[in-house]
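Here is query05.tsv, consisting of TSV, C-alpha atoms and all ligand atoms:
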chain	number	residue	atom	x	y	z
A	1239	MET	CA	-15.04	37.11	92.47
A	1240	ASN	CA	-17.61	34.51	91.42
A	1241	PHE	CA	-20.48	34.72	88.93
A	1242	SER	CA	-23.04	36.14	91.37
A	1243	ARG	CA	-20.75	38.86	92.65
A	1244	ARG	CA	-19.84	39.88	89.12
A	1245	TRP	CA	-23.51	39.94	88.18
A	1246	THR	CA	-24.45	42.12	91.15
A	1247	ASP	CA	-21.53	44.41	90.43
A	1248	LEU	CA	-22.66	44.98	86.85
A	1249	GLU	CA	-26.38	45.33	87.61
A	1250	PRO	CA	-26.65	49.08	88.40
A	1251	ILE	CA	-24.85	50.30	85.26
A	1252	GLY	CA	-27.35	51.86	82.87
A	1253	ARG	CA	-30.44	50.65	84.74
A	1254	ALA	CA	-33.52	52.90	84.51
A	1255	ALA	CA	-36.36	53.26	87.00
A	1256	SER	CA	-38.36	50.72	84.95
A	1257	GLY	CA	-35.77	48.09	85.82
A	1258	GLY	CA	-34.81	48.03	82.14
A	1259	TYR	CA	-31.43	48.92	80.70
A	1260	ARG	CA	-30.19	51.61	78.37
A	1261	ARG	CA	-26.63	50.75	77.49
A	1262	PHE	CA	-25.95	52.19	74.05
A	1263	ALA	CA	-22.63	52.01	72.26
A	1264	TRP	CA	-20.07	54.71	72.99
A	1265	THR	CA	-22.17	56.47	75.66
A	1266	SER	CA	-21.12	57.15	79.25
A	1267	GLU	CA	-22.89	53.93	80.32
A	1268	ASP	CA	-20.91	52.01	77.75
A	1269	SER	CA	-17.67	53.57	78.98
A	1270	GLU	CA	-18.56	52.44	82.49
A	1271	LEU	CA	-19.22	48.92	81.19
A	1272	ARG	CA	-15.94	48.89	79.31
A	1273	GLU	CA	-14.07	50.02	82.42
A	1274	TRP	CA	-15.82	47.29	84.40
A	1275	PHE	CA	-14.69	44.75	81.80
A	1276	GLU	CA	-11.14	46.07	81.97
A	1277	ASP	CA	-11.09	45.73	85.78
A	1278	GLN	CA	-12.33	42.15	85.51
A	1279	VAL	CA	-9.69	41.32	82.94
A	1280	TYR	CA	-6.84	42.64	85.04
A	1281	GLY	CA	-8.33	41.04	88.16
A	1282	LEU	CA	-8.06	37.66	86.41
A	1283	GLY	CA	-4.49	38.31	85.31
A	1284	LEU	CA	-5.42	38.45	81.61
A	1285	THR	CA	-4.07	40.86	79.02
A	1286	LEU	CA	-6.34	43.28	77.19
A	1287	THR	CA	-6.24	44.21	73.51
A	1288	LEU	CA	-8.51	46.35	71.34
A	1289	ASP	CA	-9.22	45.63	67.70
A	1290	ARG	CA	-9.81	48.05	64.82
A	1291	ALA	CA	-13.44	48.57	65.85
A	1292	GLY	CA	-12.66	49.06	69.54
A	1293	ASN	CA	-13.98	45.64	70.63
A	1294	GLN	CA	-12.29	44.50	73.85
A	1295	TRP	CA	-10.35	41.19	73.91
A	1296	ALA	CA	-9.01	39.60	77.08
A	1297	TRP	CA	-6.35	36.91	76.65
A	1298	TRP	CA	-5.10	34.08	78.77
A	1299	GLY	CA	-1.86	33.19	77.02
A	1300	ASP	CA	-0.21	34.87	74.05
A	1301	PRO	CA	-2.88	35.37	71.38
A	1302	ASP	CA	-0.28	35.32	68.60
A	1303	GLU	CA	1.16	31.98	69.57
A	1304	ALA	CA	-1.70	29.83	68.24
A	1305	PRO	CA	-5.34	30.39	67.24
A	1306	GLY	CA	-7.29	30.66	70.49
A	1307	ILE	CA	-10.55	29.40	71.87
A	1308	VAL	CA	-12.68	32.50	72.28
A	1309	THR	CA	-15.89	33.11	74.17
A	1310	GLY	CA	-17.79	36.24	75.25
A	1311	SER	CA	-20.68	38.35	73.98
A	1312	HIS	CA	-21.75	42.00	74.35
A	1313	LEU	CA	-22.60	44.42	77.15
A	1314	ASP	CA	-24.75	46.93	75.23
A	1315	SER	CA	-28.56	46.78	75.25
A	1316	VAL	CA	-31.65	47.74	73.29
A	1317	PRO	CA	-33.75	50.63	74.70
A	1318	ASP	CA	-35.32	49.40	77.96
A	1319	GLY	CA	-33.62	46.04	77.48
A	1320	GLY	CA	-33.26	43.12	79.86
A	1321	ALA	CA	-30.27	42.35	82.04
A	1322	PHE	CA	-29.29	39.08	80.37
A	1323	ASP	CA	-29.07	39.62	76.60
A	1324	GLY	CA	-25.33	40.08	76.19
A	1325	PRO	CA	-24.02	40.45	79.74
A	1326	LEU	CA	-24.81	36.82	80.61
A	1327	GLY	CA	-22.31	35.70	77.98
A	1328	VAL	CA	-19.60	38.10	79.14
A	1329	VAL	CA	-20.01	37.40	82.85
A	1330	SER	CA	-20.17	33.64	82.24
A	1331	ALA	CA	-17.03	33.80	80.11
A	1332	LEU	CA	-15.06	35.64	82.80
A	1333	SER	CA	-16.38	33.25	85.46
A	1334	ALA	CA	-15.48	30.18	83.40
A	1335	VAL	CA	-11.92	31.46	82.98
A	1336	GLU	CA	-11.78	32.07	86.71
A	1337	ALA	CA	-12.96	28.52	87.41
A	1338	LEU	CA	-10.33	27.03	85.07
A	1339	LYS	CA	-7.59	29.10	86.68
A	1340	ALA	CA	-8.75	28.04	90.14
A	1341	GLU	CA	-8.53	24.35	89.25
A	1342	GLY	CA	-5.01	24.80	87.87
A	1343	PHE	CA	-5.94	24.12	84.25
A	1344	GLN	CA	-3.10	24.77	81.80
A	1345	PRO	CA	-4.53	25.65	78.38
A	1346	SER	CA	-2.58	24.29	75.43
A	1347	ARG	CA	-3.67	27.30	73.38
A	1348	PRO	CA	-4.78	30.84	74.22
A	1349	ILE	CA	-8.24	31.42	75.67
A	1350	GLY	CA	-9.93	34.72	74.82
A	1351	VAL	CA	-12.91	36.60	76.23
A	1352	VAL	CA	-14.44	39.28	74.03
A	1353	ASN	CA	-16.77	42.19	74.70
A	1354	PHE	CA	-18.16	43.11	71.29
A	1355	GLY	CA	-19.26	46.75	70.89
A	1356	ASP	CA	-22.64	47.86	69.58
A	1357	GLU	CA	-24.17	44.40	69.13
A	1358	GLU	CA	-27.73	45.66	69.27
A	1359	GLY	CA	-27.24	48.55	66.88
A	1360	ALA	CA	-29.61	50.49	69.13
A	1361	ARG	CA	-27.76	53.74	68.52
A	1362	PHE	CA	-26.47	53.62	64.94
A	1363	GLY	CA	-28.95	51.20	63.38
A	1364	VAL	CA	-26.63	48.39	62.30
A	1365	ALA	CA	-26.75	45.30	64.52
A	1366	CYS	CA	-23.44	43.64	65.42
A	1367	ALA	CA	-21.52	46.69	64.21
A	1368	GLY	CA	-18.38	45.70	66.16
A	1369	SER	CA	-18.10	42.22	64.67
A	1370	ARG	CA	-19.25	43.37	61.22
A	1371	ILE	CA	-16.50	46.00	61.06
A	1372	ILE	CA	-13.68	43.60	61.93
A	1373	THR	CA	-14.90	40.92	59.51
A	1374	GLY	CA	-15.47	43.46	56.73
A	1375	ALA	CA	-19.22	42.78	56.59
A	1376	LEU	CA	-19.61	46.51	57.33
A	1377	SER	CA	-17.25	48.61	55.23
A	1378	PRO	CA	-15.22	51.40	56.86
A	1379	GLU	CA	-16.94	53.95	54.57
A	1380	ARG	CA	-20.38	52.79	55.64
A	1381	ALA	CA	-19.33	52.64	59.33
A	1382	GLN	CA	-17.98	56.20	59.07
A	1383	SER	CA	-21.29	57.38	57.60
A	1384	LEU	CA	-23.45	55.98	60.43
A	1385	LYS	CA	-25.20	58.57	62.59
A	1386	ASP	CA	-27.48	58.32	65.61
A	1387	THR	CA	-30.87	60.06	65.68
A	1388	GLU	CA	-29.23	63.16	67.20
A	1389	GLY	CA	-26.84	63.42	64.24
A	1390	THR	CA	-23.75	62.26	66.14
A	1391	SER	CA	-21.65	60.01	63.96
A	1392	LEU	CA	-20.13	56.72	65.07
A	1393	VAL	CA	-16.70	58.30	64.57
A	1394	GLU	CA	-17.54	61.28	66.81
A	1395	ALA	CA	-19.09	58.99	69.41
A	1396	MET	CA	-15.95	56.83	69.52
A	1397	GLU	CA	-13.78	59.92	69.86
A	1398	ASP	CA	-16.01	61.27	72.63
A	1399	ALA	CA	-15.54	57.96	74.43
A	1400	GLY	CA	-11.76	58.32	74.16
A	1401	GLN	CA	-11.37	55.70	71.42
A	1402	ASN	CA	-9.50	55.93	68.15
A	1403	PRO	CA	-11.81	55.63	65.12
A	1404	ASP	CA	-9.00	55.98	62.56
A	1405	TYR	CA	-8.54	52.27	61.95
A	1406	LEU	CA	-12.11	51.03	61.42
A	1407	GLY	CA	-11.97	48.09	59.04
A	1408	ARG	CA	-11.37	44.39	58.56
A	1409	ASP	CA	-8.92	43.19	61.18
A	1410	GLU	CA	-6.94	40.18	59.95
A	1411	GLU	CA	-4.71	40.10	62.99
A	1412	THR	CA	-7.68	39.73	65.33
A	1413	LEU	CA	-9.51	37.25	63.09
A	1414	ASN	CA	-6.40	35.07	62.87
A	1415	ARG	CA	-6.39	34.81	66.64
A	1416	ILE	CA	-9.80	33.09	66.73
A	1417	GLY	CA	-9.48	29.34	66.28
A	1418	ALA	CA	-13.05	28.78	67.47
A	1419	PHE	CA	-15.73	30.99	68.99
A	1420	VAL	CA	-18.41	29.85	71.45
A	1421	GLU	CA	-20.88	32.54	72.57
A	1422	LEU	CA	-23.10	31.85	75.57
A	1423	HIS	CA	-26.42	33.72	75.50
A	1424	VAL	CA	-29.74	33.74	77.30
A	1425	GLU	CA	-32.33	32.00	75.14
A	1426	GLN	CA	-34.59	34.61	73.54
A	1427	GLY	CA	-37.54	32.26	73.20
A	1428	LYS	CA	-39.07	29.55	75.30
A	1429	ALA	CA	-37.91	26.32	73.64
A	1430	LEU	CA	-35.66	25.11	76.47
A	1431	ALA	CA	-38.42	25.79	79.01
A	1432	THR	CA	-41.00	23.65	77.17
A	1433	ASP	CA	-41.72	20.03	78.01
A	1434	GLU	CA	-40.22	19.04	74.67
A	1435	TYR	CA	-36.71	20.08	75.74
A	1436	ASP	CA	-36.91	20.81	79.47
A	1437	ALA	CA	-33.20	21.61	79.63
A	1438	ALA	CA	-31.14	24.35	81.29
A	1439	ILE	CA	-28.67	24.50	78.37
A	1440	GLY	CA	-29.03	24.19	74.60
A	1441	VAL	CA	-26.54	24.37	71.75
A	1442	GLY	CA	-27.12	26.82	68.88
A	1443	THR	CA	-26.99	25.52	65.32
A	1444	ALA	CA	-28.16	28.41	63.13
A	1445	VAL	CA	-29.32	32.02	63.00
A	1446	TRP	CA	-32.25	32.85	60.76
A	1447	PRO	CA	-31.70	35.21	57.84
A	1448	HIS	CA	-32.64	38.72	58.90
A	1449	GLY	CA	-32.48	42.30	57.77
A	1450	ARG	CA	-33.31	45.87	58.67
A	1451	TRP	CA	-34.72	48.41	56.23
A	1452	ARG	CA	-35.59	52.10	56.49
A	1453	PHE	CA	-38.89	53.26	55.01
A	1454	ASP	CA	-39.31	57.00	54.34
A	1455	PHE	CA	-42.88	58.14	53.75
A	1456	PRO	CA	-42.92	61.78	52.58
A	1457	GLY	CA	-45.92	64.05	53.06
A	1458	GLU	CA	-46.78	67.70	53.52
A	1459	ALA	CA	-46.86	69.40	56.90
A	1460	ASN	CA	-50.01	71.36	57.54
A	1461	HIS	CA	-52.40	72.45	60.27
A	1462	ALA	CA	-54.30	69.64	62.05
A	1463	GLY	CA	-57.41	71.78	62.52
A	1464	THR	CA	-57.79	73.80	59.36
A	1465	THR	CA	-56.71	71.39	56.60
A	1466	ARG	CA	-59.65	69.58	55.03
A	1467	LEU	CA	-59.28	65.81	54.79
A	1468	VAL	CA	-59.30	65.96	51.00
A	1469	ASP	CA	-56.45	68.50	50.98
A	1470	ARG	CA	-54.08	66.45	53.11
A	1471	ASP	CA	-50.94	64.62	52.09
A	1472	ASP	CA	-50.59	62.66	55.34
A	1473	PRO	CA	-47.74	60.08	55.31
A	1474	MET	CA	-49.01	58.50	58.52
A	1475	LEU	CA	-51.75	56.80	56.49
A	1476	ALA	CA	-49.22	55.21	54.16
A	1477	TYR	CA	-47.17	54.12	57.14
A	1478	ALA	CA	-50.23	52.61	58.86
A	1479	SER	CA	-51.19	50.68	55.72
A	1480	THR	CA	-47.62	49.42	55.42
A	1481	VAL	CA	-47.63	48.13	59.01
A	1482	LEU	CA	-50.81	46.17	58.29
A	1483	ALA	CA	-49.41	44.89	55.00
A	1484	ALA	CA	-46.21	43.76	56.74
A	1485	ARG	CA	-48.24	41.69	59.15
A	1486	GLN	CA	-50.21	40.11	56.32
A	1487	PHE	CA	-47.16	39.33	54.14
A	1488	ALA	CA	-45.25	37.98	57.14
A	1489	ALA	CA	-48.06	35.55	57.91
A	1490	GLN	CA	-48.15	34.46	54.26
A	1491	HIS	CA	-44.41	33.76	54.20
A	1492	GLN	CA	-43.85	32.14	57.63
A	1493	ALA	CA	-41.79	35.21	58.54
A	1494	VAL	CA	-41.84	37.79	61.32
A	1495	ALA	CA	-41.88	41.52	60.60
A	1496	THR	CA	-41.66	44.38	63.07
A	1497	PHE	CA	-41.84	48.15	62.80
A	1498	GLY	CA	-40.40	49.00	66.23
A	1499	LYS	CA	-38.77	52.37	65.64
A	1500	LEU	CA	-40.31	55.50	64.21
A	1501	ALA	CA	-39.26	59.11	63.62
A	1502	VAL	CA	-41.91	61.66	62.70
A	1503	GLU	CA	-41.30	65.17	61.41
A	1504	PRO	CA	-42.10	67.71	62.66
A	1505	ASN	CA	-43.53	65.47	65.43
A	1506	GLY	CA	-46.19	67.89	66.62
A	1507	VAL	CA	-49.54	66.78	68.00
A	1508	ASN	CA	-51.35	69.44	65.94
A	1509	ALA	CA	-49.43	69.13	62.68
A	1510	ILE	CA	-49.85	66.70	59.79
A	1511	PRO	CA	-46.40	65.09	59.42
A	1512	SER	CA	-44.08	66.04	56.59
A	1513	LEU	CA	-42.20	62.77	56.97
A	1514	VAL	CA	-42.66	59.43	58.66
A	1515	ARG	CA	-39.47	57.41	58.85
A	1516	ALA	CA	-39.92	53.83	60.04
A	1517	TRP	CA	-37.56	50.91	60.47
A	1518	LEU	CA	-38.55	47.37	59.53
A	1519	ASP	CA	-36.90	44.30	61.04
A	1520	ALA	CA	-37.82	41.12	59.14
A	1521	ARG	CA	-36.66	37.52	59.64
A	1522	ALA	CA	-37.67	33.99	58.71
A	1523	PRO	CA	-36.16	30.50	58.87
A	1524	GLN	CA	-35.76	30.66	55.06
A	1525	GLU	CA	-34.04	33.42	53.14
A	1526	LYS	CA	-36.50	33.28	50.23
A	1527	ASP	CA	-39.34	34.13	52.61
A	1528	VAL	CA	-37.69	37.30	53.94
A	1529	LYS	CA	-36.92	38.32	50.36
A	1530	ALA	CA	-40.49	37.72	49.19
A	1531	LEU	CA	-41.92	39.62	52.14
A	1532	LEU	CA	-39.62	42.56	51.50
A	1533	GLN	CA	-40.33	42.63	47.79
A	1534	GLU	CA	-44.09	42.69	48.30
A	1535	LEU	CA	-43.90	45.25	51.09
A	1536	THR	CA	-41.56	47.51	49.09
A	1537	ALA	CA	-43.90	47.43	46.10
A	1538	SER	CA	-46.84	48.30	48.33
A	1539	ALA	CA	-45.00	51.13	50.14
A	1540	GLU	CA	-43.64	52.56	46.87
A	1541	GLU	CA	-47.19	52.96	45.65
A	1542	PHE	CA	-47.55	55.51	48.45
A	1543	GLY	CA	-44.38	57.31	47.29
A	1544	ALA	CA	-42.16	55.74	49.95
A	1545	THR	CA	-38.47	55.03	49.48
A	1546	VAL	CA	-36.96	51.90	51.01
A	1547	SER	CA	-33.28	51.46	51.84
A	1548	GLU	CA	-31.43	48.52	53.31
A	1549	GLU	CA	-29.61	49.12	56.59
A	1550	SER	CA	-28.34	45.61	57.18
A	1551	TRP	CA	-28.76	42.11	55.85
A	1552	THR	CA	-27.51	38.78	57.12
A	1553	GLY	CA	-28.22	35.62	55.16
A	1554	ASN	CA	-28.92	32.21	56.64
A	1555	THR	CA	-26.11	31.43	59.09
A	1556	LEU	CA	-25.12	27.93	60.05
A	1557	PHE	CA	-22.80	27.37	62.96
A	1558	ASP	CA	-20.10	24.71	62.59
A	1559	PRO	CA	-22.15	21.47	62.74
A	1560	ASP	CA	-19.16	19.42	63.95
A	1561	LEU	CA	-18.46	21.86	66.77
A	1562	ALA	CA	-22.15	22.09	67.73
A	1563	GLY	CA	-22.47	18.29	67.74
A	1564	ARG	CA	-19.33	17.96	69.81
A	1565	LEU	CA	-20.60	20.48	72.38
A	1566	SER	CA	-23.98	18.79	72.59
A	1567	LYS	CA	-22.31	15.42	73.31
A	1568	LEU	CA	-19.98	16.99	75.82
A	1569	LEU	CA	-22.95	18.55	77.62
A	1570	ASP	CA	-24.87	15.30	78.09
A	1571	GLY	CA	-26.89	15.59	74.92
A	1572	ALA	CA	-27.90	19.27	75.30
A	1573	PRO	CA	-30.58	19.96	72.66
A	1574	LEU	CA	-29.62	21.61	69.37
A	1575	LEU	CA	-31.63	24.71	68.40
A	1576	GLY	CA	-31.75	27.44	65.77
A	1577	THR	CA	-32.73	31.01	66.64
A	1578	GLY	CA	-34.40	34.07	65.16
A	1579	ALA	CA	-32.15	36.40	67.18
A	1580	GLY	CA	-28.98	37.88	65.72
A	1581	HIS	CA	-25.58	37.45	67.35
A	1582	ASP	CA	-21.93	38.35	66.81
A	1583	ALA	CA	-21.39	34.58	66.67
A	1584	GLY	CA	-23.40	34.60	63.43
A	1585	ILE	CA	-21.21	37.30	61.93
A	1586	LEU	CA	-18.05	35.36	62.81
A	1587	ALA	CA	-19.55	32.15	61.41
A	1588	THR	CA	-20.31	33.95	58.15
A	1589	ALA	CA	-16.67	35.05	58.06
A	1590	GLY	CA	-15.64	31.39	58.07
A	1591	ILE	CA	-14.71	30.97	61.74
A	1592	SER	CA	-15.67	27.73	63.49
A	1593	THR	CA	-18.48	28.93	65.75
A	1594	ALA	CA	-21.22	27.62	68.01
A	1595	MET	CA	-23.43	28.97	70.79
A	1596	LEU	CA	-24.73	27.86	74.17
A	1597	PHE	CA	-28.22	29.00	75.19
A	1598	VAL	CA	-29.38	29.29	78.80
A	1599	ARG	CA	-33.06	28.59	79.52
A	1600	ASN	CA	-35.34	31.62	79.78
A	1601	PRO	CA	-38.60	30.68	81.56
A	1602	THR	CA	-40.45	33.82	80.39
A	1603	GLY	CA	-39.27	33.30	76.82
A	1604	LYS	CA	-39.12	37.12	76.70
A	1605	SER	CA	-36.21	39.23	75.54
A	1606	HIS	CA	-35.50	42.87	74.63
A	1607	THR	CA	-37.71	43.78	77.61
A	1608	PRO	CA	-37.03	44.06	81.34
A	1609	SER	CA	-38.94	40.80	81.89
A	1610	GLU	CA	-36.19	38.79	80.18
A	1611	PHE	CA	-35.06	36.26	82.79
A	1612	ALA	CA	-32.95	33.25	83.67
A	1613	GLU	CA	-32.87	31.46	87.04
A	1614	GLU	CA	-29.61	31.76	88.94
A	1615	ALA	CA	-29.26	27.95	88.98
A	1616	ASP	CA	-29.49	27.91	85.18
A	1617	CYS	CA	-26.96	30.73	84.87
A	1618	LEU	CA	-24.58	28.73	87.06
A	1619	ALA	CA	-25.24	25.66	84.90
A	1620	GLY	CA	-24.28	27.88	81.95
A	1621	VAL	CA	-20.97	28.83	83.56
A	1622	GLU	CA	-20.30	25.17	84.26
A	1623	ALA	CA	-21.14	24.20	80.69
A	1624	LEU	CA	-18.88	26.90	79.28
A	1625	THR	CA	-16.08	25.85	81.64
A	1626	THR	CA	-16.44	22.27	80.39
A	1627	VAL	CA	-16.37	23.47	76.78
A	1628	LEU	CA	-13.24	25.62	77.24
A	1629	ARG	CA	-11.50	22.83	79.15
A	1630	GLU	CA	-12.20	20.44	76.26
A	1631	LEU	CA	-11.40	22.79	73.38
A	1632	ALA	CA	-8.23	24.25	74.93
A	1633	ALA	CA	-6.93	20.94	76.32
B	1	LIG	C1	-30.37	41.40	68.48
B	1	LIG	O1	-30.43	40.87	69.57
B	1	LIG	C2	-31.31	41.03	67.48
B	1	LIG	O2	-31.51	39.83	67.28
B	1	LIG	O3	-31.92	41.95	66.93
B	2	MN	MN	-30.44	41.53	71.69
B	3	MN	MN	-27.48	39.51	72.44
B	4	MN	MN	-28.48	39.97	69.41
Write-out of the structure in structure tokens:
Amino acid sequence: MNFSRRWTDLEPIGRAASGGYRRFAWTSEDSELREWFEDQVYGLGLTLTLDRAGNQWAWWGDPDEAPGIVTGSHLDSVPDGGAFDGPLGVVSALSAVEALKAEGFQPSRPIGVVNFGDEEGARFGVACAGSRIITGALSPERAQSLKDTEGTSLVEAMEDAGQNPDYLGRDEETLNRIGAFVELHVEQGKALATDEYDAAIGVGTAVWPHGRWRFDFPGEANHAGTTRLVDRDDPMLAYASTVLAARQFAAQHQAVATFGKLAVEPNGVNAIPSLVRAWLDARAPQEKDVKALLQELTASAEEFGATVSEESWTGNTLFDPDLAGRLSKLLDGAPLLGTGAGHDAGILATAGISTAMLFVRNPTGKSHTPSEFAEEADCLAGVEALTTVLRELAA
């Protein structure tokens, strides 16, 4: 089965009428995706292992014989996400392994393909939960306390999906198996499509510092028709001011700030809210700028009686510059780029693993929306690039 057939095979899973995807961790869609991955793995004659967070690892060769060359990405999505963010890396990885097998390549060390669980954090709030758990960046206690908006915990969700949540935690055995990690991903901006680069493939060098915070704005529920304006304690006003302040502080600090998720209680059209809960995602090329933005925004929100709690934080992440340089040379001088998007590759790099990324051109520059796109020719160039990289690193 080649790249295009795999892609077509995967396409219907979790697709909504909008054309967008809803593939949240440990849901029935996710189980279907995991079964699809398993079928692919066995179809290629690889062995399958699970780690302490339930991430799926496919191995060509004995993973305990020597540290392997690992590639792969994630299959989950944001709400109404695009088809490429995540799956492109997994499908390309499987297809690259297939190509190497077909040409009779004999790896001198194991080659691994990983499907990381819950990369987007769309269900439980913490991005890259699968890779954070196995590196220890997310503690087992914190992972056990995570709940989705319906109150289902991560532990219950794993159990419902037939997985064992008893061993959540840092996984030395799995980490020791990764000699180097190269994640292929659709570009989530437009750099490769601009005249400056004009390239199908780029090599990732860094992930911007980024974090997620929860803002709780308390108020008092009351009738929308009978409560005089002066008698209201309406938290929506504090929330609205905070959104505007975030925009202003972000501009001042060369950062980006987004309130993209909101929960309102009691969430009635004719009731003043008793609580507005909002999630901030903030990033910048420089750590000090995210910190300054957050400090100013917290001070401003606290004046309205809000409480602010951190849900996740990842500092500036540099991929292995030697590995990135080597890949760029190998791929005919593919341009080197940093990114504002988060990736499991960043979590592994932070844990001290030699890591780099390959980006595939995205002509719309859009991501986390159904209009995310990559031309088939560029996707195939991505598979070829990844095949070249694995051939070189596992020679
Ligand atoms: C995940 O893709 C993120 O960057 O938020
Ligand atoms: Mn994403
Ligand atoms: Mn992704
Ligand atoms: Mn991501």
| said: Please compute the CA of Gln1344 (chain A)-CA of Asp1560 (chain A) distance, one decimal, in Å. | reply: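 Going from CA of Gln1344 (chain A) over to CA of Asp1560 (chain A), I get 24.6 Å.
Among A:Leu1282, A:Ser1333, A:Leu1532, A:Gly1368, the residue with the shortest atom-to-atom distance to Gln1294 (chain A), counting all atoms listed in the file, is A:Gly1368.
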| request: Fewer than 5 positions away in the same chain doesn't count, so skip those; otherwise give me all residues within 9 Å of Ala1337 (chain A), counting only C-alpha atoms, as a PyMOL selection string. | output: chain A and resi 1240+1332+1342-1343+1621-1622+1625
| message | Within 6 Å of (-43.6, 50.2, 59.9) in the file's own coordinates, which protein, DNA or RNA residues have an atom, counting all atoms listed in the file? List them as a list in words. | response |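 The requested residues, written out, are Tyr1477, Val1481, Phe1497, Ala1516 and Leu1518 of chain A.
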Please produce an output containing C-alpha atoms for each residue in the selection, written as a compact mmCIF listing (two decimals), in the frame of the given file.
# COMPACT_ATOMS: atom_id res chain seq x y z
CA TYR A 1477 -47.17 54.12 57.14
CA VAL A 1481 -47.63 48.13 59.01
CA PHE A 1497 -41.84 48.15 62.80
CA ALA A 1516 -39.92 53.83 60.04
CA LEU A 1518 -38.55 47.37 59.53
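For the choices A:Thr1496, A:Asn1353, A:Ser1538, A:Ser1391, the atom-to-atom distance to ligand MN 3 (chain B) is smallest for A:Asn1353 when using only C-alpha atoms and all ligand atoms.
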| Which polymer residues have any atom within 12 Å of an atom of Gly1258 (chain A), counting only C-alpha atoms, with same-chain residues fewer than 2 positions away left out, as number ranges by chain? | A: 1249-1256, 1260-1261, 1315-1323, 1605-1611
Output for the residues just chosen: C-alpha atoms as a CSV table (one decimal), in the coordinates of the input:
chain,number,residue,atom,x,y,z
A,1249,GLU,CA,-26.4,45.3,87.6
A,1250,PRO,CA,-26.6,49.1,88.4
A,1251,ILE,CA,-24.8,50.3,85.3
A,1252,GLY,CA,-27.4,51.9,82.9
A,1253,ARG,CA,-30.4,50.6,84.7
A,1254,ALA,CA,-33.5,52.9,84.5
A,1255,ALA,CA,-36.4,53.3,87.0
A,1256,SER,CA,-38.4,50.7,85.0
A,1260,ARG,CA,-30.2,51.6,78.4
A,1261,ARG,CA,-26.6,50.8,77.5
A,1315,SER,CA,-28.6,46.8,75.2
A,1316,VAL,CA,-31.6,47.7,73.3
A,1317,PRO,CA,-33.8,50.6,74.7
A,1318,ASP,CA,-35.3,49.4,78.0
A,1319,GLY,CA,-33.6,46.0,77.5
A,1320,GLY,CA,-33.3,43.1,79.9
A,1321,ALA,CA,-30.3,42.4,82.0
A,1322,PHE,CA,-29.3,39.1,80.4
A,1323,ASP,CA,-29.1,39.6,76.6
A,1605,SER,CA,-36.2,39.2,75.5
A,1606,HIS,CA,-35.5,42.9,74.6
A,1607,THR,CA,-37.7,43.8,77.6
A,1608,PRO,CA,-37.0,44.1,81.3
A,1609,SER,CA,-38.9,40.8,81.9
A,1610,GLU,CA,-36.2,38.8,80.2
A,1611,PHE,CA,-35.1,36.3,82.8
| request: Go ahead and compute the interatomic distance for CA of Leu1338 (chain A) and CA of Ile1372 (chain A), in Å to one decimal. | output: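 Between CA of Leu1338 (chain A) and CA of Ile1372 (chain A) the gap works out to 28.7 Å.
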| What do you get as a PyMOL selection string if you pick all residues at most 12 Å from ligand MN 3 (chain B), counting all atoms listed in the file? | chain A and resi 1310-1316+1319-1328+1353-1360+1365-1366+1421-1426+1577-1584+1595+1597+1605-1606+1610
| query | Which is closer to ligand MN 4 (chain B) than all the others in A:Gly1257, A:Ala1367, A:Val1598, A:Ala1619, using all atoms listed in the file? | reply |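 Closest residue, counting all atoms listed in the file: A:Ala1367.
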| query | For Ala1334 (chain A), which of A:Phe1241, A:Asp1404, A:Asn1414, A:Ala1444 is the closest residue, counting all atoms listed in the file? | reply | A:Phe1241
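The two atoms in question, CA of Phe1557 (chain A) and CA of Val1352 (chain A), are spaced 18.3 Å apart.
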Subset file as a PDB file, in the first residue's frame: region 1370-1395 of chain A, C-alpha atoms:
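Listing of result.pdb after writing:
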ATOM      1  CA  ARG A1370       4.969  14.615  28.198  1.00  0.00           C
ATOM      2  CA  ILE A1371       3.917  11.619  30.294  1.00  0.00           C
ATOM      3  CA  ILE A1372       6.702   9.343  29.058  1.00  0.00           C
ATOM      4  CA  THR A1373       9.385  12.030  29.468  1.00  0.00           C
ATOM      5  CA  GLY A1374       8.087  13.023  32.912  1.00  0.00           C
ATOM      6  CA  ALA A1375       7.224  16.569  31.792  1.00  0.00           C
ATOM      7  CA  LEU A1376       3.673  15.733  32.918  1.00  0.00           C
ATOM      8  CA  SER A1377       3.644  13.965  36.272  1.00  0.00           C
ATOM      9  CA  PRO A1378       1.496  10.853  36.778  1.00  0.00           C
ATOM     10  CA  GLU A1379      -0.447  12.681  39.537  1.00  0.00           C
ATOM     11  CA  ARG A1380      -1.246  15.580  37.236  1.00  0.00           C
ATOM     12  CA  ALA A1381      -2.102  13.228  34.335  1.00  0.00           C
ATOM     13  CA  GLN A1382      -4.449  11.283  36.634  1.00  0.00           C
ATOM     14  CA  SER A1383      -6.184  14.515  37.644  1.00  0.00           C
ATOM     15  CA  LEU A1384      -6.940  15.637  34.067  1.00  0.00           C
ATOM     16  CA  LYS A1385     -10.618  15.716  33.121  1.00  0.00           C
ATOM     17  CA  ASP A1386     -12.455  16.609  29.927  1.00  0.00           C
ATOM     18  CA  THR A1387     -15.280  19.165  29.908  1.00  0.00           C
ATOM     19  CA  GLU A1388     -17.803  16.369  30.564  1.00  0.00           C
ATOM     20  CA  GLY A1389     -15.952  15.360  33.740  1.00  0.00           C
ATOM     21  CA  THR A1390     -14.482  12.142  32.324  1.00  0.00           C
ATOM     22  CA  SER A1391     -10.941  11.684  33.543  1.00  0.00           C
ATOM     23  CA  LEU A1392      -8.013  10.681  31.360  1.00  0.00           C
ATOM     24  CA  VAL A1393      -7.788   7.469  33.381  1.00  0.00           C
ATOM     25  CA  GLU A1394     -11.460   6.608  32.774  1.00  0.00           C
ATOM     26  CA  ALA A1395     -11.149   7.496  29.099  1.00  0.00           C
TER      27      ALA A1395
END
